[in-house]
$ cat coords.txt   # compact mmCIF, N, CA and C atoms and all ligand atoms
# COMPACT_ATOMS: atom_id res chain seq x y z
N MET Y 1 0.84 -1.20 0.00
CA MET Y 1 0.00 0.00 0.00
C MET Y 1 0.87 1.24 0.00
N ASN Y 2 0.40 2.24 -0.66
CA ASN Y 2 1.16 3.48 -0.72
C ASN Y 2 0.75 4.44 0.39
N LEU Y 3 1.77 4.97 1.01
CA LEU Y 3 1.51 5.78 2.19
C LEU Y 3 1.21 7.22 1.84
N LYS Y 4 0.21 7.75 2.51
CA LYS Y 4 0.01 9.20 2.46
C LYS Y 4 1.05 9.81 3.40
N ASN Y 5 1.30 11.08 3.17
CA ASN Y 5 2.28 11.80 3.97
C ASN Y 5 2.08 11.63 5.48
N THR Y 6 0.86 11.84 5.93
CA THR Y 6 0.61 11.80 7.37
C THR Y 6 0.78 10.39 7.92
N GLN Y 7 0.41 9.37 7.11
CA GLN Y 7 0.60 7.99 7.56
C GLN Y 7 2.08 7.68 7.66
N ALA Y 8 2.83 8.11 6.66
CA ALA Y 8 4.28 7.89 6.68
C ALA Y 8 4.87 8.56 7.91
N ARG Y 9 4.39 9.76 8.19
CA ARG Y 9 4.95 10.51 9.31
C ARG Y 9 4.69 9.80 10.63
N SER Y 10 3.49 9.32 10.84
CA SER Y 10 3.22 8.68 12.13
C SER Y 10 3.93 7.33 12.22
N ALA Y 11 4.09 6.61 11.10
CA ALA Y 11 4.84 5.35 11.14
C ALA Y 11 6.30 5.60 11.49
N ILE Y 12 6.87 6.64 10.89
CA ILE Y 12 8.28 6.99 11.17
C ILE Y 12 8.44 7.38 12.64
N TYR Y 13 7.51 8.20 13.11
CA TYR Y 13 7.61 8.65 14.50
C TYR Y 13 7.47 7.48 15.48
N ASP Y 14 6.53 6.57 15.21
CA ASP Y 14 6.37 5.37 16.06
C ASP Y 14 7.66 4.56 16.11
N PHE Y 15 8.26 4.38 14.93
CA PHE Y 15 9.50 3.61 14.85
C PHE Y 15 10.60 4.26 15.69
N LEU Y 16 10.70 5.58 15.59
CA LEU Y 16 11.76 6.28 16.32
C LEU Y 16 11.53 6.25 17.83
N ILE Y 17 10.28 6.31 18.23
CA ILE Y 17 9.99 6.25 19.67
C ILE Y 17 10.42 4.90 20.23
N ARG Y 18 10.28 3.84 19.42
CA ARG Y 18 10.61 2.51 19.91
C ARG Y 18 12.09 2.15 19.73
N SER Y 19 12.84 2.97 19.00
CA SER Y 19 14.26 2.67 18.78
C SER Y 19 15.07 3.11 19.98
N SER Y 20 15.99 2.25 20.40
CA SER Y 20 16.77 2.59 21.59
C SER Y 20 18.00 3.43 21.25
N SER Y 21 18.34 3.52 19.97
CA SER Y 21 19.45 4.40 19.59
C SER Y 21 19.09 5.10 18.28
N PRO Y 22 19.82 6.18 17.94
CA PRO Y 22 19.49 6.96 16.75
C PRO Y 22 19.54 6.12 15.47
N VAL Y 23 18.56 6.29 14.60
CA VAL Y 23 18.48 5.46 13.38
C VAL Y 23 18.77 6.29 12.14
N ASP Y 24 19.24 5.61 11.10
CA ASP Y 24 19.46 6.30 9.83
C ASP Y 24 18.29 6.02 8.88
N VAL Y 25 18.34 6.66 7.71
CA VAL Y 25 17.21 6.57 6.78
C VAL Y 25 17.01 5.14 6.28
N ASN Y 26 18.11 4.39 6.09
CA ASN Y 26 17.96 3.01 5.61
C ASN Y 26 17.23 2.14 6.62
N GLN Y 27 17.47 2.36 7.90
CA GLN Y 27 16.74 1.60 8.92
C GLN Y 27 15.26 1.95 8.89
N ILE Y 28 14.97 3.22 8.63
CA ILE Y 28 13.57 3.66 8.54
C ILE Y 28 12.89 2.99 7.34
N ILE Y 29 13.59 2.97 6.20
CA ILE Y 29 13.05 2.32 5.01
C ILE Y 29 12.82 0.83 5.28
N GLY Y 30 13.79 0.18 5.92
CA GLY Y 30 13.66 -1.24 6.25
C GLY Y 30 12.46 -1.51 7.14
N PHE Y 31 12.26 -0.63 8.12
CA PHE Y 31 11.11 -0.80 9.01
C PHE Y 31 9.80 -0.66 8.24
N LEU Y 32 9.69 0.38 7.41
CA LEU Y 32 8.45 0.61 6.67
C LEU Y 32 8.17 -0.56 5.73
N ARG Y 33 9.24 -1.10 5.09
CA ARG Y 33 9.07 -2.25 4.20
C ARG Y 33 8.58 -3.47 4.97
N SER Y 34 9.16 -3.67 6.17
CA SER Y 34 8.77 -4.84 6.96
C SER Y 34 7.30 -4.76 7.36
N LYS Y 35 6.78 -3.54 7.39
CA LYS Y 35 5.36 -3.35 7.70
C LYS Y 35 4.53 -3.30 6.42
N LYS Y 36 5.18 -3.63 5.29
CA LYS Y 36 4.52 -3.56 3.97
C LYS Y 36 3.99 -2.16 3.67
N LEU Y 37 4.69 -1.16 4.16
CA LEU Y 37 4.32 0.22 3.88
C LEU Y 37 5.31 0.76 2.86
N ASN Y 38 4.86 0.96 1.64
CA ASN Y 38 5.76 1.44 0.60
C ASN Y 38 5.78 2.95 0.55
N THR Y 39 6.97 3.47 0.58
CA THR Y 39 7.12 4.91 0.44
C THR Y 39 8.49 5.15 -0.18
N ASN Y 40 8.80 6.37 -0.48
CA ASN Y 40 10.10 6.63 -1.10
C ASN Y 40 10.94 7.56 -0.23
N LYS Y 41 12.22 7.65 -0.61
CA LYS Y 41 13.16 8.43 0.20
C LYS Y 41 12.75 9.88 0.31
N VAL Y 42 12.24 10.44 -0.79
CA VAL Y 42 11.85 11.86 -0.77
C VAL Y 42 10.78 12.10 0.29
N THR Y 43 9.78 11.21 0.32
CA THR Y 43 8.72 11.33 1.33
C THR Y 43 9.29 11.21 2.73
N ILE Y 44 10.20 10.25 2.90
CA ILE Y 44 10.78 10.04 4.22
C ILE Y 44 11.57 11.27 4.67
N TYR Y 45 12.41 11.79 3.78
CA TYR Y 45 13.19 12.98 4.15
C TYR Y 45 12.29 14.17 4.45
N ARG Y 46 11.24 14.32 3.66
CA ARG Y 46 10.33 15.45 3.87
C ARG Y 46 9.68 15.33 5.25
N ASN Y 47 9.26 14.11 5.59
CA ASN Y 47 8.62 13.90 6.90
C ASN Y 47 9.61 14.06 8.04
N LEU Y 48 10.82 13.59 7.86
CA LEU Y 48 11.84 13.77 8.91
C LEU Y 48 12.09 15.25 9.15
N ASP Y 49 12.16 16.03 8.06
CA ASP Y 49 12.36 17.48 8.19
C ASP Y 49 11.21 18.11 8.98
N THR Y 50 9.99 17.73 8.63
CA THR Y 50 8.83 18.28 9.33
C THR Y 50 8.87 17.94 10.81
N LEU Y 51 9.17 16.68 11.12
CA LEU Y 51 9.22 16.25 12.52
C LEU Y 51 10.32 16.99 13.28
N CYS Y 52 11.46 17.23 12.62
CA CYS Y 52 12.54 17.99 13.25
C CYS Y 52 12.11 19.44 13.49
N LYS Y 53 11.48 20.04 12.48
CA LYS Y 53 11.04 21.43 12.60
C LYS Y 53 10.02 21.60 13.71
N ASN Y 54 9.19 20.57 13.91
CA ASN Y 54 8.18 20.63 14.97
C ASN Y 54 8.75 20.27 16.34
N GLY Y 55 10.05 20.01 16.38
CA GLY Y 55 10.68 19.74 17.66
C GLY Y 55 10.42 18.35 18.21
N LEU Y 56 9.95 17.43 17.35
CA LEU Y 56 9.67 16.07 17.81
C LEU Y 56 10.88 15.15 17.65
N LEU Y 57 11.72 15.49 16.68
CA LEU Y 57 12.91 14.67 16.43
C LEU Y 57 14.15 15.53 16.48
N GLU Y 58 15.26 14.85 16.69
CA GLU Y 58 16.54 15.52 16.64
C GLU Y 58 17.37 14.88 15.52
N LYS Y 59 18.04 15.75 14.76
CA LYS Y 59 18.87 15.28 13.66
C LYS Y 59 20.30 15.25 14.16
N LEU Y 60 20.97 14.12 14.03
CA LEU Y 60 22.31 13.96 14.58
C LEU Y 60 23.29 13.55 13.51
N GLU Y 61 24.56 13.86 13.75
CA GLU Y 61 25.60 13.54 12.79
C GLU Y 61 26.81 13.06 13.58
N PHE Y 62 27.25 11.85 13.29
CA PHE Y 62 28.36 11.26 14.05
C PHE Y 62 29.60 11.02 13.18
N GLY Y 63 29.78 11.84 12.17
CA GLY Y 63 30.94 11.69 11.31
C GLY Y 63 30.90 10.44 10.46
N GLU Y 64 29.71 9.90 10.20
CA GLU Y 64 29.58 8.70 9.37
C GLU Y 64 29.27 9.04 7.92
N GLY Y 65 29.12 10.32 7.65
CA GLY Y 65 28.73 10.73 6.30
C GLY Y 65 27.25 10.60 6.06
N LYS Y 66 26.47 10.48 7.13
CA LYS Y 66 25.01 10.43 7.01
C LYS Y 66 24.40 10.96 8.30
N PHE Y 67 23.12 11.28 8.23
CA PHE Y 67 22.43 11.77 9.41
C PHE Y 67 21.70 10.63 10.11
N ARG Y 68 21.53 10.78 11.39
CA ARG Y 68 20.69 9.88 12.16
C ARG Y 68 19.63 10.71 12.87
N TYR Y 69 18.57 10.05 13.25
CA TYR Y 69 17.45 10.74 13.88
C TYR Y 69 17.05 10.01 15.14
N GLU Y 70 16.68 10.79 16.15
CA GLU Y 70 16.12 10.17 17.34
C GLU Y 70 15.03 11.09 17.89
N PHE Y 71 14.07 10.51 18.60
CA PHE Y 71 13.00 11.36 19.10
C PHE Y 71 13.54 12.19 20.26
N LYS Y 72 12.99 13.37 20.40
CA LYS Y 72 13.50 14.33 21.36
C LYS Y 72 13.18 13.88 22.79
N LYS Y 73 14.22 13.75 23.60
CA LYS Y 73 14.01 13.42 25.00
C LYS Y 73 14.93 14.30 25.83
N ASN Y 74 15.08 13.98 27.10
CA ASN Y 74 15.94 14.79 27.95
C ASN Y 74 17.34 14.94 27.35
N HIS Y 75 17.95 16.05 27.66
CA HIS Y 75 19.28 16.30 27.12
C HIS Y 75 20.24 15.15 27.50
N HIS Y 76 20.93 14.63 26.52
CA HIS Y 76 21.86 13.54 26.79
C HIS Y 76 22.94 13.53 25.71
N HIS Y 77 23.90 12.62 25.89
CA HIS Y 77 24.99 12.50 24.93
C HIS Y 77 25.06 11.07 24.44
N HIS Y 78 25.97 10.83 23.53
CA HIS Y 78 26.06 9.50 22.93
C HIS Y 78 27.45 8.90 23.06
N LEU Y 79 27.46 7.58 23.24
CA LEU Y 79 28.70 6.81 23.22
C LEU Y 79 28.69 6.05 21.90
N ILE Y 80 29.67 6.32 21.06
CA ILE Y 80 29.71 5.70 19.74
C ILE Y 80 30.88 4.72 19.67
N CYS Y 81 30.59 3.45 19.46
CA CYS Y 81 31.65 2.45 19.37
C CYS Y 81 32.28 2.51 17.99
N THR Y 82 33.60 2.75 17.95
CA THR Y 82 34.28 2.89 16.67
C THR Y 82 34.56 1.53 16.05
N ASN Y 83 34.29 0.44 16.80
CA ASN Y 83 34.51 -0.90 16.24
C ASN Y 83 33.24 -1.46 15.61
N CYS Y 84 32.14 -1.50 16.37
CA CYS Y 84 30.92 -2.13 15.84
C CYS Y 84 29.85 -1.11 15.45
N GLY Y 85 30.07 0.16 15.78
CA GLY Y 85 29.12 1.18 15.37
C GLY Y 85 27.94 1.36 16.30
N LYS Y 86 27.91 0.62 17.41
CA LYS Y 86 26.81 0.74 18.35
C LYS Y 86 26.77 2.15 18.95
N ILE Y 87 25.57 2.70 19.10
CA ILE Y 87 25.41 4.03 19.69
C ILE Y 87 24.53 3.92 20.92
N GLU Y 88 25.05 4.36 22.05
CA GLU Y 88 24.30 4.32 23.30
C GLU Y 88 24.06 5.72 23.81
N ASP Y 89 22.95 5.89 24.53
CA ASP Y 89 22.68 7.17 25.19
C ASP Y 89 23.41 7.21 26.52
N VAL Y 90 23.84 8.40 26.90
CA VAL Y 90 24.42 8.58 28.22
C VAL Y 90 23.92 9.92 28.76
N SER Y 91 23.65 9.96 30.05
CA SER Y 91 23.05 11.14 30.67
C SER Y 91 23.89 12.40 30.46
N GLY Y 92 23.24 13.55 30.38
CA GLY Y 92 23.95 14.80 30.17
C GLY Y 92 24.22 15.55 31.46
N GLU Y 93 23.92 14.93 32.59
CA GLU Y 93 24.02 15.66 33.85
C GLU Y 93 25.43 16.13 34.22
N TYR Y 94 26.42 15.32 33.83
CA TYR Y 94 27.80 15.69 34.19
C TYR Y 94 28.18 17.07 33.67
N LEU Y 95 27.53 17.47 32.58
CA LEU Y 95 27.96 18.68 31.90
C LEU Y 95 27.56 19.96 32.61
N SER Y 96 26.51 19.91 33.44
CA SER Y 96 26.03 21.17 34.02
C SER Y 96 27.09 21.79 34.93
N GLU Y 97 27.86 20.94 35.60
CA GLU Y 97 28.95 21.44 36.45
C GLU Y 97 29.99 22.18 35.61
N ILE Y 98 30.35 21.60 34.47
CA ILE Y 98 31.33 22.22 33.57
C ILE Y 98 30.78 23.55 33.05
N GLU Y 99 29.50 23.57 32.68
CA GLU Y 99 28.90 24.82 32.18
C GLU Y 99 28.91 25.91 33.24
N ARG Y 100 28.64 25.52 34.50
CA ARG Y 100 28.68 26.50 35.60
C ARG Y 100 30.09 27.07 35.74
N LYS Y 101 31.09 26.20 35.67
CA LYS Y 101 32.49 26.62 35.79
C LYS Y 101 32.86 27.60 34.68
N ILE Y 102 32.48 27.27 33.47
CA ILE Y 102 32.80 28.14 32.33
C ILE Y 102 32.12 29.49 32.50
N LYS Y 103 30.90 29.48 33.00
CA LYS Y 103 30.17 30.74 33.20
C LYS Y 103 30.90 31.61 34.21
N SER Y 104 31.36 31.02 35.33
CA SER Y 104 32.01 31.85 36.34
C SER Y 104 33.43 32.23 35.94
N GLU Y 105 34.15 31.34 35.27
CA GLU Y 105 35.56 31.64 34.94
C GLU Y 105 35.72 32.43 33.65
N ASN Y 106 34.86 32.19 32.67
CA ASN Y 106 35.00 32.87 31.39
C ASN Y 106 33.91 33.91 31.15
N GLY Y 107 32.95 33.97 32.06
CA GLY Y 107 31.83 34.89 31.88
C GLY Y 107 31.03 34.57 30.64
N PHE Y 108 31.06 33.33 30.24
CA PHE Y 108 30.39 32.92 29.00
C PHE Y 108 29.14 32.13 29.34
N LEU Y 109 27.99 32.59 28.82
CA LEU Y 109 26.75 31.88 29.09
C LEU Y 109 26.50 30.86 27.98
N ILE Y 110 26.59 29.58 28.34
CA ILE Y 110 26.42 28.52 27.35
C ILE Y 110 24.94 28.24 27.14
N LYS Y 111 24.53 28.25 25.89
CA LYS Y 111 23.12 27.97 25.59
C LYS Y 111 22.94 26.54 25.09
N SER Y 112 23.96 26.00 24.47
CA SER Y 112 23.88 24.60 24.05
C SER Y 112 25.29 24.09 23.83
N HIS Y 113 25.42 22.79 23.73
CA HIS Y 113 26.72 22.21 23.40
C HIS Y 113 26.50 20.91 22.65
N VAL Y 114 27.52 20.47 21.95
CA VAL Y 114 27.48 19.21 21.22
C VAL Y 114 28.64 18.38 21.73
N LEU Y 115 28.35 17.18 22.19
CA LEU Y 115 29.43 16.35 22.72
C LEU Y 115 29.10 14.89 22.49
N GLU Y 116 29.97 14.22 21.78
CA GLU Y 116 29.79 12.78 21.57
C GLU Y 116 31.09 12.10 21.98
N PHE Y 117 30.97 10.90 22.50
CA PHE Y 117 32.14 10.16 22.95
C PHE Y 117 32.41 8.99 22.00
N TYR Y 118 33.65 8.87 21.53
CA TYR Y 118 34.01 7.77 20.64
C TYR Y 118 34.94 6.81 21.36
N GLY Y 119 34.73 5.53 21.17
CA GLY Y 119 35.59 4.53 21.82
C GLY Y 119 35.08 3.13 21.58
N LEU Y 120 35.34 2.25 22.55
CA LEU Y 120 34.95 0.85 22.41
C LEU Y 120 33.85 0.50 23.40
N CYS Y 121 32.80 -0.15 22.90
CA CYS Y 121 31.69 -0.55 23.76
C CYS Y 121 32.08 -1.77 24.58
N ARG Y 122 31.21 -2.14 25.51
CA ARG Y 122 31.47 -3.27 26.41
C ARG Y 122 31.81 -4.55 25.64
N ASN Y 123 31.01 -4.85 24.61
CA ASN Y 123 31.25 -6.07 23.82
C ASN Y 123 32.59 -6.05 23.12
N CYS Y 124 32.93 -4.92 22.55
CA CYS Y 124 34.15 -4.82 21.74
C CYS Y 124 35.40 -4.76 22.62
N ARG Y 125 35.23 -4.49 23.89
CA ARG Y 125 36.39 -4.44 24.79
C ARG Y 125 36.79 -5.84 25.25
N SER Y 126 35.83 -6.79 25.21
CA SER Y 126 36.13 -8.10 25.78
C SER Y 126 36.71 -9.05 24.74
ZN ZN A 201 31.32 -2.10 19.83
ZN ZN A 202 20.30 9.56 22.08

$ encode --input "coords.txt" --output "structure tokens" --more "lines below"
Ligand SMILES: [Zn+2]
Ligand SMILES: [Zn+2]
Amino acid sequence: MNLKNTQARSAIYDFLIRSSSPVDVNQIIGFLRSKKLNTNKVTIYRNLDTLCKNGLLEKLEFGEGKFRYEFKKNHHHHLICTNCGKIEDVSGEYLSEIERKIKSENGFLIKSHVLEFYGLCRNCRS
């Protein structure tokens, strides 16, 4: 069946809510196909843009040469395994202390930051 824009959008959003780590467009296409929902890349990108603009999704880039998307939740960071590519969420709480320090020492008010950690995950270390 061919998806209307709004159907594609809610299917994409459902998939992202259930994903435990940020997904790329190919994973989204794979999910829609597995549900026998046919759509094309243009429709998917258009819907991802709309969801990002509405503040429902976040667009992320981990130096892979492609974007990933995850649904917007509490501020957090990512652990990216350079061996297997696994991406895990990690709490952003540690950073507030650093931001306070920078504010008092540099007089700089931080409004946002981007921080990702690259290394080896638990599986790849053993
Ligand atoms: Zn790994
Ligand atoms: Zn995340």

$ axis_aligned_box --input "coords.txt" --around "region 11-15 of chain Y" --padding-each-side "6 Å" --output "JSON"
{"center_x": 7.3, "center_y": 6.1, "center_z": 13.5, "size_x": 18.5, "size_y": 17.0, "size_z": 17.2}

$ residues_near_ligand --input "coords.txt" --ligand "ligand ZN 201 (chain A)" --cutoff "6.5 Å" --atoms "only N, CA and C atoms and all ligand atoms" --output "list in words"
Cys81, Thr82, Asn83, Cys84, Gly85, Lys86, Leu120, Cys121, Arg122, Asn123, Cys124 and Arg125 of chain Y

$ closest_atom_pairs --input "coords.txt" --of "chain Y" --to "ligand ZN 202 (chain A)" --cutoff "6.5 Å" --atoms "all atoms listed in the file" --output "Markdown table"
| residue | atom | partner | partner_atom | distance |
| --- | --- | --- | --- | --- |
| Y:Ser21 | CA | A:ZN202 | ZN | 5.8 |
| Y:Pro22 | N | A:ZN202 | ZN | 5.4 |
| Y:Glu70 | CA | A:ZN202 | ZN | 6.3 |
| Y:His76 | C | A:ZN202 | ZN | 6.0 |
| Y:His77 | C | A:ZN202 | ZN | 5.5 |
| Y:His78 | CA | A:ZN202 | ZN | 5.8 |
| Y:Glu88 | C | A:ZN202 | ZN | 5.6 |
| Y:Asp89 | CA | A:ZN202 | ZN | 4.6 |
| Y:Val90 | N | A:ZN202 | ZN | 6.1 |

$ atom_distance --input "coords.txt" --atom1 "atom N of Gly65 (chain Y)" --atom2 "atom C of Cys52 (chain Y)"
20.2 Å

$ closest_residue --input "coords.txt" --among "Y:Ser10, Y:Glu97, Y:Ser126, Y:Ile17" --to "Asn47 (chain Y)" --atoms "all atoms listed in the file"
Y:Ser10

$ closest_residue --input "coords.txt" --among "Y:Leu109, Y:Ile87, Y:Leu56, Y:Val25" --to "Arg68 (chain Y)" --atoms "all atoms listed in the file"
Y:Val25

$ select_by_dssp --input "coords.txt" --residues "region 25-109 of chain Y" --states "strand (DSSP E or B)" --output "ChimeraX atom specification"
/Y:38,57-61,67-71,76-81,87-91

$ write_last_selection --input "coords.txt" --atoms "N, CA and C atoms" --output "mmCIF file, keeping the file's coordinate frame"
data_model
loop_
_atom_site.group_PDB
_atom_site.id
_atom_site.type_symbol
_atom_site.label_atom_id
_atom_site.label_comp_id
_atom_site.auth_asym_id
_atom_site.auth_seq_id
_atom_site.Cartn_x
_atom_site.Cartn_y
_atom_site.Cartn_z
ATOM 1 N N ASN Y 38 4.860 0.960 1.640
ATOM 2 C CA ASN Y 38 5.760 1.440 0.600
ATOM 3 C C ASN Y 38 5.780 2.950 0.550
ATOM 4 N N LEU Y 57 11.720 15.490 16.680
ATOM 5 C CA LEU Y 57 12.910 14.670 16.430
ATOM 6 C C LEU Y 57 14.150 15.530 16.480
ATOM 7 N N GLU Y 58 15.260 14.850 16.690
ATOM 8 C CA GLU Y 58 16.540 15.520 16.640
ATOM 9 C C GLU Y 58 17.370 14.880 15.520
ATOM 10 N N LYS Y 59 18.040 15.750 14.760
ATOM 11 C CA LYS Y 59 18.870 15.280 13.660
ATOM 12 C C LYS Y 59 20.300 15.250 14.160
ATOM 13 N N LEU Y 60 20.970 14.120 14.030
ATOM 14 C CA LEU Y 60 22.310 13.960 14.580
ATOM 15 C C LEU Y 60 23.290 13.550 13.510
ATOM 16 N N GLU Y 61 24.560 13.860 13.750
ATOM 17 C CA GLU Y 61 25.600 13.540 12.790
ATOM 18 C C GLU Y 61 26.810 13.060 13.580
ATOM 19 N N PHE Y 67 23.120 11.280 8.230
ATOM 20 C CA PHE Y 67 22.430 11.770 9.410
ATOM 21 C C PHE Y 67 21.700 10.630 10.110
ATOM 22 N N ARG Y 68 21.530 10.780 11.390
ATOM 23 C CA ARG Y 68 20.690 9.880 12.160
ATOM 24 C C ARG Y 68 19.630 10.710 12.870
ATOM 25 N N TYR Y 69 18.570 10.050 13.250
ATOM 26 C CA TYR Y 69 17.450 10.740 13.880
ATOM 27 C C TYR Y 69 17.050 10.010 15.140
ATOM 28 N N GLU Y 70 16.680 10.790 16.150
ATOM 29 C CA GLU Y 70 16.120 10.170 17.340
ATOM 30 C C GLU Y 70 15.030 11.090 17.890
ATOM 31 N N PHE Y 71 14.070 10.510 18.600
ATOM 32 C CA PHE Y 71 13.000 11.360 19.100
ATOM 33 C C PHE Y 71 13.540 12.190 20.260
ATOM 34 N N HIS Y 76 20.930 14.630 26.520
ATOM 35 C CA HIS Y 76 21.860 13.540 26.790
ATOM 36 C C HIS Y 76 22.940 13.530 25.710
ATOM 37 N N HIS Y 77 23.900 12.620 25.890
ATOM 38 C CA HIS Y 77 24.990 12.500 24.930
ATOM 39 C C HIS Y 77 25.060 11.070 24.440
ATOM 40 N N HIS Y 78 25.970 10.830 23.530
ATOM 41 C CA HIS Y 78 26.060 9.500 22.930
ATOM 42 C C HIS Y 78 27.450 8.900 23.060
ATOM 43 N N LEU Y 79 27.460 7.580 23.240
ATOM 44 C CA LEU Y 79 28.700 6.810 23.220
ATOM 45 C C LEU Y 79 28.690 6.050 21.900
ATOM 46 N N ILE Y 80 29.670 6.320 21.060
ATOM 47 C CA ILE Y 80 29.710 5.700 19.740
ATOM 48 C C ILE Y 80 30.880 4.720 19.670
ATOM 49 N N CYS Y 81 30.590 3.450 19.460
ATOM 50 C CA CYS Y 81 31.650 2.450 19.370
ATOM 51 C C CYS Y 81 32.280 2.510 17.990
ATOM 52 N N ILE Y 87 25.570 2.700 19.100
ATOM 53 C CA ILE Y 87 25.410 4.030 19.690
ATOM 54 C C ILE Y 87 24.530 3.920 20.920
ATOM 55 N N GLU Y 88 25.050 4.360 22.050
ATOM 56 C CA GLU Y 88 24.300 4.320 23.300
ATOM 57 C C GLU Y 88 24.060 5.720 23.810
ATOM 58 N N ASP Y 89 22.950 5.890 24.530
ATOM 59 C CA ASP Y 89 22.680 7.170 25.190
ATOM 60 C C ASP Y 89 23.410 7.210 26.520
ATOM 61 N N VAL Y 90 23.840 8.400 26.900
ATOM 62 C CA VAL Y 90 24.420 8.580 28.220
ATOM 63 C C VAL Y 90 23.920 9.920 28.760
ATOM 64 N N SER Y 91 23.650 9.960 30.050
ATOM 65 C CA SER Y 91 23.050 11.140 30.670
ATOM 66 C C SER Y 91 23.890 12.400 30.460
#

$ select_by_dssp --input "coords.txt" --residues "chain Y" --states "helix (DSSP H, G or I)" --output "ChimeraX atom specification"
/Y:5-18,25-34,41-53,94-106,122-125

$ atom_distance --input "coords.txt" --atom1 "CA of Ile110 (chain Y)" --atom2 "CA of Leu16 (chain Y)"
28.8 Å

$ atom_distance --input "coords.txt" --atom1 "atom C of Ser91 (chain Y)" --atom2 "CA of Gly55 (chain Y)"
19.8 Å

$ residues_around --input "coords.txt" --residues "Ser112 (chain Y)" --least-positions-apart "6" --cutoff "12 Å" --atoms "only C-alpha atoms" --output "compact mmCIF listing (two decimals) with N, CA and C atoms, in the coordinates of the input"
# COMPACT_ATOMS: atom_id res chain seq x y z
N HIS Y 75 17.95 16.05 27.66
CA HIS Y 75 19.28 16.30 27.12
C HIS Y 75 20.24 15.15 27.50
N HIS Y 76 20.93 14.63 26.52
CA HIS Y 76 21.86 13.54 26.79
C HIS Y 76 22.94 13.53 25.71
N GLY Y 92 23.24 13.55 30.38
CA GLY Y 92 23.95 14.80 30.17
C GLY Y 92 24.22 15.55 31.46
N LEU Y 95 27.53 17.47 32.58
CA LEU Y 95 27.96 18.68 31.90
C LEU Y 95 27.56 19.96 32.61
N SER Y 96 26.51 19.91 33.44
CA SER Y 96 26.03 21.17 34.02
C SER Y 96 27.09 21.79 34.93
N GLU Y 99 29.50 23.57 32.68
CA GLU Y 99 28.90 24.82 32.18
C GLU Y 99 28.91 25.91 33.24

$ residues_around --input "coords.txt" --residues "Leu51 (chain Y)" --least-positions-apart "3" --cutoff "12 Å" --atoms "only C-alpha atoms" --output "list in words"
Asn5, Thr6, Ala8, Arg9, Ser10, Ala11, Ile12, Tyr13, Asp14, Leu16, Ile44, Tyr45, Arg46, Asn47, Leu48, Asn54, Gly55, Leu56, Leu57, Glu58, Lys59, Tyr69, Glu70, Phe71 and Lys72 of chain Y

$ closest_residue --input "coords.txt" --among "Y:Asp24, Y:Asp49, Y:Glu105, Y:Glu116" --to "Ile80 (chain Y)" --atoms "all atoms listed in the file"
Y:Glu116

$ closest_residue --input "coords.txt" --among "Y:Val23, Y:Leu115, Y:Lys53, Y:Lys36" --to "Lys66 (chain Y)" --atoms "only C-alpha atoms"
Y:Val23

$ closest_residue --input "coords.txt" --among "Y:His113, Y:Arg100, Y:Lys73, Y:Lys41" --to "Ile29 (chain Y)" --atoms "all atoms listed in the file"
Y:Lys41
